[in-house]
file model_23.cif (mmCIF, C-alpha atoms)
data_coords
loop_
_atom_site.label_atom_id
_atom_site.label_comp_id
_atom_site.auth_asym_id
_atom_site.auth_seq_id
_atom_site.Cartn_x
_atom_site.Cartn_y
_atom_site.Cartn_z
CA MET A 1 -146.85 -55.52 -41.71
CA ALA A 2 -145.12 -54.47 -38.49
CA GLU A 3 -143.73 -57.99 -38.03
CA LEU A 4 -142.14 -57.79 -41.49
CA ILE A 5 -140.49 -54.47 -40.64
CA HIS A 6 -139.11 -55.72 -37.35
CA SER A 7 -137.93 -59.01 -38.80
CA THR A 8 -134.78 -59.60 -40.78
CA THR A 9 -136.60 -59.91 -44.10
CA PHE A 10 -135.42 -56.66 -45.68
CA PRO A 11 -131.79 -56.89 -44.54
CA LEU A 12 -131.56 -60.58 -45.46
CA LEU A 13 -132.90 -59.97 -48.94
CA ALA A 14 -130.55 -57.02 -49.39
CA LEU A 15 -127.53 -58.95 -48.10
CA MET A 16 -128.25 -62.01 -50.21
CA ALA A 17 -128.76 -59.96 -53.37
CA ALA A 18 -125.67 -57.83 -52.65
CA SER A 19 -123.61 -60.96 -52.04
CA VAL A 20 -124.72 -62.54 -55.33
CA PHE A 21 -123.97 -59.28 -57.16
CA THR A 22 -120.54 -58.94 -55.55
CA PHE A 23 -119.57 -62.53 -56.33
CA PHE A 24 -120.50 -62.23 -60.00
CA TRP A 25 -118.98 -58.75 -60.24
CA PHE A 26 -115.74 -60.28 -58.95
CA LEU A 27 -115.92 -62.98 -61.64
CA ASP A 28 -116.71 -60.35 -64.28
CA SER A 29 -113.80 -58.18 -63.12
CA LYS A 30 -111.48 -61.15 -63.65
CA THR A 31 -112.63 -61.15 -67.29
CA HIS A 32 -111.91 -57.41 -67.51
CA THR A 33 -108.35 -57.97 -66.30
CA VAL A 34 -107.70 -60.15 -69.36
CA LEU A 35 -109.58 -57.83 -71.73
CA VAL A 36 -107.70 -54.71 -70.63
CA GLN A 37 -104.64 -56.15 -72.32
CA THR A 38 -106.49 -56.51 -75.63
CA ASP A 39 -109.59 -54.48 -76.35
CA ILE A 40 -111.13 -52.37 -73.57
CA SER A 41 -111.07 -48.81 -74.86
CA ASP A 42 -110.75 -45.55 -72.95
CA PRO A 43 -114.44 -44.74 -73.59
CA GLU A 44 -115.45 -48.07 -72.04
CA LEU A 45 -113.23 -47.46 -69.03
CA ARG A 46 -114.78 -44.00 -68.62
CA THR A 47 -118.24 -45.56 -68.80
CA HIS A 48 -117.26 -48.07 -66.08
CA ARG A 49 -116.00 -45.22 -63.93
CA ILE A 50 -119.25 -43.28 -64.37
CA LEU A 51 -121.11 -46.44 -63.34
CA ILE A 52 -118.98 -46.70 -60.20
CA LEU A 53 -119.51 -43.01 -59.32
CA ALA A 54 -123.26 -43.06 -60.00
CA SER A 55 -123.62 -46.30 -58.04
CA GLY A 56 -121.74 -44.75 -55.12
CA MET A 57 -124.03 -41.71 -55.18
CA MET A 58 -127.05 -44.02 -55.31
CA GLU A 59 -125.79 -46.01 -52.31
CA CYS A 60 -125.18 -42.75 -50.40
CA SER A 61 -128.74 -41.64 -51.15
CA LEU A 62 -130.04 -44.94 -49.76
CA ILE A 63 -128.09 -44.40 -46.55
CA LEU A 64 -129.29 -40.78 -46.30
CA MET A 65 -132.90 -42.00 -46.40
CA TYR A 66 -132.48 -42.96 -42.77
CA TRP A 67 -132.42 -39.24 -41.87
CA PHE A 68 -133.64 -37.33 -44.94
CA ARG A 69 -136.17 -39.47 -46.75
CA TRP A 70 -137.58 -37.00 -49.28
CA GLU A 71 -134.36 -35.12 -49.95
CA ALA A 72 -132.46 -38.37 -50.51
CA LEU A 73 -135.17 -39.61 -52.87
CA ALA A 74 -134.29 -36.87 -55.37
CA LEU A 75 -130.61 -37.88 -55.30
CA PHE A 76 -131.58 -41.55 -55.55
CA ILE A 77 -133.70 -40.98 -58.66
CA ALA A 78 -131.02 -38.88 -60.36
CA ALA A 79 -128.22 -41.35 -59.57
CA PHE A 80 -130.37 -44.35 -60.50
CA ILE A 81 -131.26 -42.88 -63.90
CA THR A 82 -127.63 -41.93 -64.55
CA ARG A 83 -126.35 -45.36 -63.52
CA THR A 84 -128.98 -47.13 -65.58
CA ALA A 85 -128.32 -45.00 -68.68
CA HIS A 86 -124.59 -45.72 -68.46
CA GLU A 87 -125.29 -49.40 -67.91
CA PHE A 88 -127.24 -49.44 -71.17
CA ILE A 89 -124.39 -47.62 -72.91
CA ASP A 90 -121.88 -50.11 -71.53
CA GLU A 91 -123.90 -53.19 -72.44
CA LEU A 92 -125.11 -52.05 -75.87
CA LYS A 93 -122.04 -50.24 -77.12
CA PHE A 94 -119.18 -52.26 -75.64
CA HIS A 95 -120.41 -55.69 -74.57
CA VAL A 96 -122.95 -56.98 -77.08
CA ASP A 97 -120.46 -57.85 -79.82
CA ARG A 98 -117.61 -58.90 -77.56
CA CYS A 99 -119.07 -60.84 -74.63
CA THR A 100 -119.32 -64.58 -74.54
CA PHE A 101 -122.52 -66.25 -73.38
CA ARG A 102 -120.85 -66.84 -70.00
CA GLU A 103 -120.06 -63.13 -69.58
CA THR A 104 -123.59 -62.23 -70.66
CA LEU A 105 -124.96 -64.55 -67.97
CA PHE A 106 -122.68 -62.86 -65.42
CA HIS A 107 -124.12 -59.50 -66.47
CA LEU A 108 -127.68 -60.80 -66.25
CA ILE A 109 -127.11 -62.16 -62.75
CA MET A 110 -125.24 -59.02 -61.70
CA TRP A 111 -127.90 -56.57 -62.79
CA VAL A 112 -130.89 -58.56 -61.56
CA SER A 113 -129.24 -59.02 -58.15
CA VAL A 114 -128.06 -55.41 -57.80
CA LEU A 115 -131.46 -54.08 -58.82
CA THR A 116 -133.10 -56.43 -56.31
CA LYS A 117 -130.78 -55.14 -53.58
CA THR A 118 -131.37 -51.54 -54.62
CA PHE A 119 -135.15 -51.80 -54.59
CA VAL A 120 -135.22 -53.71 -51.30
CA LEU A 121 -133.15 -50.95 -49.70
CA LEU A 122 -135.28 -48.27 -51.36
CA ILE A 123 -138.49 -49.83 -50.00
CA TRP A 124 -137.01 -50.42 -46.54
CA GLY A 125 -135.32 -47.01 -46.39
CA PHE A 126 -137.92 -44.77 -47.99
CA PHE A 127 -141.14 -46.33 -46.73
CA PHE A 128 -139.94 -47.71 -43.39
CA ARG A 129 -136.87 -45.55 -42.63
CA TYR A 130 -134.84 -48.72 -42.00
CA GLU A 131 -136.99 -49.59 -39.02
CA GLY A 132 -135.34 -52.38 -37.05
CA ILE A 133 -131.83 -51.76 -38.42
CA THR A 134 -130.41 -51.13 -34.94
CA ASP A 135 -131.84 -54.42 -33.65
CA LEU A 136 -130.17 -56.76 -36.14
CA PRO A 137 -127.86 -59.55 -34.98
CA LEU A 138 -124.13 -58.84 -35.06
CA TRP A 139 -123.50 -61.37 -37.84
CA MET A 140 -125.63 -59.32 -40.23
CA TYR A 141 -123.52 -56.21 -39.62
CA ILE A 142 -120.37 -58.27 -40.17
CA TRP A 143 -121.81 -59.75 -43.37
CA ALA A 144 -122.72 -56.26 -44.59
CA ALA A 145 -119.22 -54.95 -43.78
CA VAL A 146 -117.60 -57.82 -45.69
CA VAL A 147 -119.83 -57.25 -48.74
CA VAL A 148 -119.25 -53.47 -48.70
CA GLY A 149 -115.50 -54.04 -48.27
CA CYS A 150 -115.41 -56.45 -51.22
CA MET A 151 -117.42 -54.00 -53.34
CA GLY A 152 -114.93 -51.27 -52.45
CA ILE A 153 -111.95 -53.42 -53.44
CA ILE A 154 -113.56 -54.44 -56.74
CA SER A 155 -114.52 -50.80 -57.42
CA LEU A 156 -110.92 -49.66 -56.93
CA LYS A 157 -109.66 -52.48 -59.12
CA GLU A 158 -112.17 -51.61 -61.86
CA TRP A 159 -111.39 -47.88 -61.55
CA ASN A 160 -107.68 -48.53 -62.05
CA GLN A 161 -108.09 -50.96 -64.97
CA GLY A 162 -106.71 -48.56 -67.57
CA LYS A 163 -103.62 -47.58 -65.59
CA HIS A 164 -100.64 -49.67 -66.61
#
call {"tool": "encode", "arguments": {"input": "model_23.cif", "output": "structure tokens"}}
result
Amino acid sequence: MAELIHSTTFPLLALMAASVFTFFWFLDSKTHTVLVQTDISDPELRTHRILILASGMMECSLILMYWFRWEALALFIAAFITRTAHEFIDELKFHVDRCTFRETLFHLIMWVSVLTKTFVLLIWGFFFRYEGITDLPLWMYIWAAVVVGCMGIISLKEWNQGKH
């Protein structure tokens, strides 16, 4: 098991899943840009904003696990439940009747990939305290920075959807 912890398995899985999520979130956000002009309501925009905030809190809890494993676990669980509940609200209330099959596939890929990334980081952070994170090759840090930067840009774009 020690070889797994010291290898790049956890960070590679997390980076690949985060990259897939970010790519499909970008494609999905392009759809939202068109829909904002026609039928995205204020309640749906609020739900998207709650998803962004809860996801941000969840990501912060995953980072905090490096130093405060048990304390961060409580925040992780609360943010994860909140994010998941609002994801169900968003999908069932706003998307089911409106989304095309293509958009539904985007959502499927997005949520499977983001949950994969989340659970990989939870396992690596909570059980192994991100052992080996300081020994990763530079390209992995650059890849992570690019993915986080893209997520930040998409988050801001999604947050501001309702502002004309």
call {"tool": "residues_around", "arguments": {"input": "model_23.cif", "residues": "A:Glu71", "least_positions_apart": "6", "cutoff": "12 Å", "atoms": "all atoms listed in the file", "output": "PyMOL selection string"}}
result
chain A and resi 60-65+77-78+126
call {"tool": "atom_distance", "arguments": {"input": "model_23.cif", "atom1": "atom CA of A:Ala17", "atom2": "atom CA of A:Asp97"}}
result
27.8 Å
call {"tool": "resolve_selection", "arguments": {"input": "model_23.cif", "expression": "the PyMOL selection byres ((chain A and resi 136) around 12)", "output": "PyMOL selection string"}}
result
chain A and resi 5-12+130-135+137-144
call {"tool": "write_last_selection", "arguments": {"input": "model_23.cif", "atoms": "C-alpha atoms", "output": "tab-separated table (two decimals), keeping the file's coordinate frame"}}
result
chain	number	residue	atom	x	y	z
A	5	ILE	CA	-140.49	-54.47	-40.64
A	6	HIS	CA	-139.11	-55.72	-37.35
A	7	SER	CA	-137.93	-59.01	-38.80
A	8	THR	CA	-134.78	-59.60	-40.78
A	9	THR	CA	-136.60	-59.91	-44.10
A	10	PHE	CA	-135.42	-56.66	-45.68
A	11	PRO	CA	-131.79	-56.89	-44.54
A	12	LEU	CA	-131.56	-60.58	-45.46
A	130	TYR	CA	-134.84	-48.72	-42.00
A	131	GLU	CA	-136.99	-49.59	-39.02
A	132	GLY	CA	-135.34	-52.38	-37.05
A	133	ILE	CA	-131.83	-51.76	-38.42
A	134	THR	CA	-130.41	-51.13	-34.94
A	135	ASP	CA	-131.84	-54.42	-33.65
A	137	PRO	CA	-127.86	-59.55	-34.98
A	138	LEU	CA	-124.13	-58.84	-35.06
A	139	TRP	CA	-123.50	-61.37	-37.84
A	140	MET	CA	-125.63	-59.32	-40.23
A	141	TYR	CA	-123.52	-56.21	-39.62
A	142	ILE	CA	-120.37	-58.27	-40.17
A	143	TRP	CA	-121.81	-59.75	-43.37
A	144	ALA	CA	-122.72	-56.26	-44.59
call {"tool": "atom_distance", "arguments": {"input": "model_23.cif", "atom1": "atom CA of A:Gly149", "atom2": "atom CA of A:Leu92"}}
result
29.3 Å
call {"tool": "atom_distance", "arguments": {"input": "model_23.cif", "atom1": "atom CA of A:Cys99", "atom2": "atom CA of A:Val120"}}
result
29.3 Å
call {"tool": "residues_around", "arguments": {"input": "model_23.cif", "residues": "stretch 152-154 of chain A", "least_positions_apart": "6", "cutoff": "10 Å", "atoms": "only C-alpha atoms", "output": "list in words"}}
result
Thr22, Trp25, Phe26, Ser29, Lys30, Ile52, Gly56, Val146 and Asn160 of chain A
call {"tool": "write_last_selection", "arguments": {"input": "model_23.cif", "atoms": "C-alpha atoms", "output": "compact mmCIF listing (two decimals), in the coordinates of the input"}}
result
# COMPACT_ATOMS: atom_id res chain seq x y z
CA THR A 22 -120.54 -58.94 -55.55
CA TRP A 25 -118.98 -58.75 -60.24
CA PHE A 26 -115.74 -60.28 -58.95
CA SER A 29 -113.80 -58.18 -63.12
CA LYS A 30 -111.48 -61.15 -63.65
CA ILE A 52 -118.98 -46.70 -60.20
CA GLY A 56 -121.74 -44.75 -55.12
CA VAL A 146 -117.60 -57.82 -45.69
CA ASN A 160 -107.68 -48.53 -62.05
call {"tool": "closest_residue", "arguments": {"input": "model_23.cif", "among": "A:Thr116, A:Trp159, A:Cys150, A:His107", "to": "A:His95", "atoms": "only C-alpha atoms"}}
result
A:His107
call {"tool": "resolve_selection", "arguments": {"input": "model_23.cif", "expression": "the PyMOL selection byres ((chain A and resi 106) around 10)", "output": "list of chain:residue names"}}
result
A:Phe21, A:Phe23, A:Phe24, A:Trp25, A:Phe26, A:Leu27, A:Asp28, A:Thr100, A:Phe101, A:Arg102, A:Glu103, A:Thr104, A:Leu105, A:His107, A:Leu108, A:Ile109, A:Met110, A:Trp111
call {"tool": "write_last_selection", "arguments": {"input": "model_23.cif", "atoms": "C-alpha atoms", "output": "PDB file, keeping the file's coordinate frame"}}
result
ATOM      1  CA  PHE A  21    -123.970 -59.280 -57.160  1.00  0.00           C
ATOM      2  CA  PHE A  23    -119.570 -62.530 -56.330  1.00  0.00           C
ATOM      3  CA  PHE A  24    -120.500 -62.230 -60.000  1.00  0.00           C
ATOM      4  CA  TRP A  25    -118.980 -58.750 -60.240  1.00  0.00           C
ATOM      5  CA  PHE A  26    -115.740 -60.280 -58.950  1.00  0.00           C
ATOM      6  CA  LEU A  27    -115.920 -62.980 -61.640  1.00  0.00           C
ATOM      7  CA  ASP A  28    -116.710 -60.350 -64.280  1.00  0.00           C
ATOM      8  CA  THR A 100    -119.320 -64.580 -74.540  1.00  0.00           C
ATOM      9  CA  PHE A 101    -122.520 -66.250 -73.380  1.00  0.00           C
ATOM     10  CA  ARG A 102    -120.850 -66.840 -70.000  1.00  0.00           C
ATOM     11  CA  GLU A 103    -120.060 -63.130 -69.580  1.00  0.00           C
ATOM     12  CA  THR A 104    -123.590 -62.230 -70.660  1.00  0.00           C
ATOM     13  CA  LEU A 105    -124.960 -64.550 -67.970  1.00  0.00           C
ATOM     14  CA  HIS A 107    -124.120 -59.500 -66.470  1.00  0.00           C
ATOM     15  CA  LEU A 108    -127.680 -60.800 -66.250  1.00  0.00           C
ATOM     16  CA  ILE A 109    -127.110 -62.160 -62.750  1.00  0.00           C
ATOM     17  CA  MET A 110    -125.240 -59.020 -61.700  1.00  0.00           C
ATOM     18  CA  TRP A 111    -127.900 -56.570 -62.790  1.00  0.00           C
TER      19      TRP A 111
END
call {"tool": "axis_aligned_box", "arguments": {"input": "model_23.cif", "around": "stretch 44-60 of chain A", "padding_each_side": "8 Å", "output": "AutoDock Vina command-line options"}}
result
--center_x -120.1 --center_y -44.9 --center_z -61.2 --size_x 29.8 --size_y 22.4 --size_z 37.6
call {"tool": "residues_around", "arguments": {"input": "model_23.cif", "residues": "A:Met58", "least_positions_apart": "6", "cutoff": "7 Å", "atoms": "only C-alpha atoms", "output": "list in words"}}
result
Phe76, Ala79 and Phe80 of chain A
call {"tool": "closest_residue", "arguments": {"input": "model_23.cif", "among": "A:Lys117, A:Arg46, A:Arg83, A:Arg129", "to": "A:Arg69", "atoms": "only C-alpha atoms"}}
result
A:Arg129
call {"tool": "residues_around", "arguments": {"input": "model_23.cif", "residues": "A:Phe88", "least_positions_apart": "3", "cutoff": "12 Å", "atoms": "only C-alpha atoms", "output": "list in words"}}
result
Glu44, Thr47, His48, Leu51, Ile81, Thr82, Arg83, Thr84, Ala85, Glu91, Leu92, Lys93, Phe94, His95, Val96, His107 and Trp111 of chain A
call {"tool": "decode", "arguments": {"input": "model_23.cif", "residues": "stretch 52-66 of chain A", "atoms": "N, CA, C and O atoms", "output": "PDB file, in the first residue's frame"}}
result
ATOM      1  N   ILE A  52     -22.339  26.136  -6.538  1.00  0.00           N
ATOM      2  CA  ILE A  52     -20.981  26.681  -6.616  1.00  0.00           C
ATOM      3  C   ILE A  52     -20.430  26.918  -5.214  1.00  0.00           C
ATOM      4  O   ILE A  52     -19.291  26.540  -4.910  1.00  0.00           O
ATOM      5  N   LEU A  53     -21.231  27.540  -4.330  1.00  0.00           N
ATOM      6  CA  LEU A  53     -20.772  27.808  -2.965  1.00  0.00           C
ATOM      7  C   LEU A  53     -20.517  26.523  -2.189  1.00  0.00           C
ATOM      8  O   LEU A  53     -19.478  26.385  -1.527  1.00  0.00           O
ATOM      9  N   ALA A  54     -21.446  25.580  -2.252  1.00  0.00           N
ATOM     10  CA  ALA A  54     -21.274  24.316  -1.522  1.00  0.00           C
ATOM     11  C   ALA A  54     -20.076  23.537  -2.067  1.00  0.00           C
ATOM     12  O   ALA A  54     -19.322  22.931  -1.302  1.00  0.00           O
ATOM     13  N   SER A  55     -19.890  23.573  -3.385  1.00  0.00           N
ATOM     14  CA  SER A  55     -18.736  22.898  -3.981  1.00  0.00           C
ATOM     15  C   SER A  55     -17.437  23.541  -3.519  1.00  0.00           C
ATOM     16  O   SER A  55     -16.459  22.844  -3.226  1.00  0.00           O
ATOM     17  N   GLY A  56     -17.425  24.858  -3.452  1.00  0.00           N
ATOM     18  CA  GLY A  56     -16.237  25.569  -2.957  1.00  0.00           C
ATOM     19  C   GLY A  56     -15.921  25.205  -1.510  1.00  0.00           C
ATOM     20  O   GLY A  56     -14.757  24.985  -1.147  1.00  0.00           O
ATOM     21  N   MET A  57     -16.957  25.125  -0.674  1.00  0.00           N
ATOM     22  CA  MET A  57     -16.746  24.729   0.720  1.00  0.00           C
ATOM     23  C   MET A  57     -16.242  23.289   0.798  1.00  0.00           C
ATOM     24  O   MET A  57     -15.373  22.961   1.610  1.00  0.00           O
ATOM     25  N   MET A  58     -16.763  22.432  -0.061  1.00  0.00           N
ATOM     26  CA  MET A  58     -16.325  21.041  -0.087  1.00  0.00           C
ATOM     27  C   MET A  58     -14.853  20.950  -0.497  1.00  0.00           C
ATOM     28  O   MET A  58     -14.069  20.223   0.121  1.00  0.00           O
ATOM     29  N   GLU A  59     -14.467  21.713  -1.513  1.00  0.00           N
ATOM     30  CA  GLU A  59     -13.063  21.713  -1.951  1.00  0.00           C
ATOM     31  C   GLU A  59     -12.154  22.243  -0.841  1.00  0.00           C
ATOM     32  O   GLU A  59     -11.063  21.704  -0.618  1.00  0.00           O
ATOM     33  N   CYS A  60     -12.604  23.288  -0.145  1.00  0.00           N
ATOM     34  CA  CYS A  60     -11.813  23.816   0.982  1.00  0.00           C
ATOM     35  C   CYS A  60     -11.634  22.761   2.065  1.00  0.00           C
ATOM     36  O   CYS A  60     -10.549  22.620   2.638  1.00  0.00           O
ATOM     37  N   SER A  61     -12.699  22.006   2.348  1.00  0.00           N
ATOM     38  CA  SER A  61     -12.598  20.960   3.367  1.00  0.00           C
ATOM     39  C   SER A  61     -11.582  19.897   2.945  1.00  0.00           C
ATOM     40  O   SER A  61     -10.842  19.378   3.790  1.00  0.00           O
ATOM     41  N   LEU A  62     -11.538  19.584   1.656  1.00  0.00           N
ATOM     42  CA  LEU A  62     -10.574  18.598   1.174  1.00  0.00           C
ATOM     43  C   LEU A  62      -9.144  19.101   1.342  1.00  0.00           C
ATOM     44  O   LEU A  62      -8.247  18.334   1.707  1.00  0.00           O
ATOM     45  N   ILE A  63      -8.931  20.380   1.100  1.00  0.00           N
ATOM     46  CA  ILE A  63      -7.601  20.967   1.310  1.00  0.00           C
ATOM     47  C   ILE A  63      -7.250  20.947   2.792  1.00  0.00           C
ATOM     48  O   ILE A  63      -6.128  20.594   3.186  1.00  0.00           O
ATOM     49  N   LEU A  64      -8.205  21.324   3.641  1.00  0.00           N
ATOM     50  CA  LEU A  64      -7.968  21.378   5.087  1.00  0.00           C
ATOM     51  C   LEU A  64      -7.621  20.013   5.686  1.00  0.00           C
ATOM     52  O   LEU A  64      -7.007  19.937   6.755  1.00  0.00           O
ATOM     53  N   MET A  65      -8.003  18.942   4.995  1.00  0.00           N
ATOM     54  CA  MET A  65      -7.686  17.604   5.507  1.00  0.00           C
ATOM     55  C   MET A  65      -6.190  17.361   5.620  1.00  0.00           C
ATOM     56  O   MET A  65      -5.756  16.497   6.371  1.00  0.00           O
ATOM     57  N   TYR A  66      -5.419  18.131   4.907  1.00  0.00           N
ATOM     58  CA  TYR A  66      -3.962  18.010   5.010  1.00  0.00           C
ATOM     59  C   TYR A  66      -3.508  18.302   6.442  1.00  0.00           C
ATOM     60  O   TYR A  66      -2.599  17.669   6.948  1.00  0.00           O
TER      61      TYR A  66
END
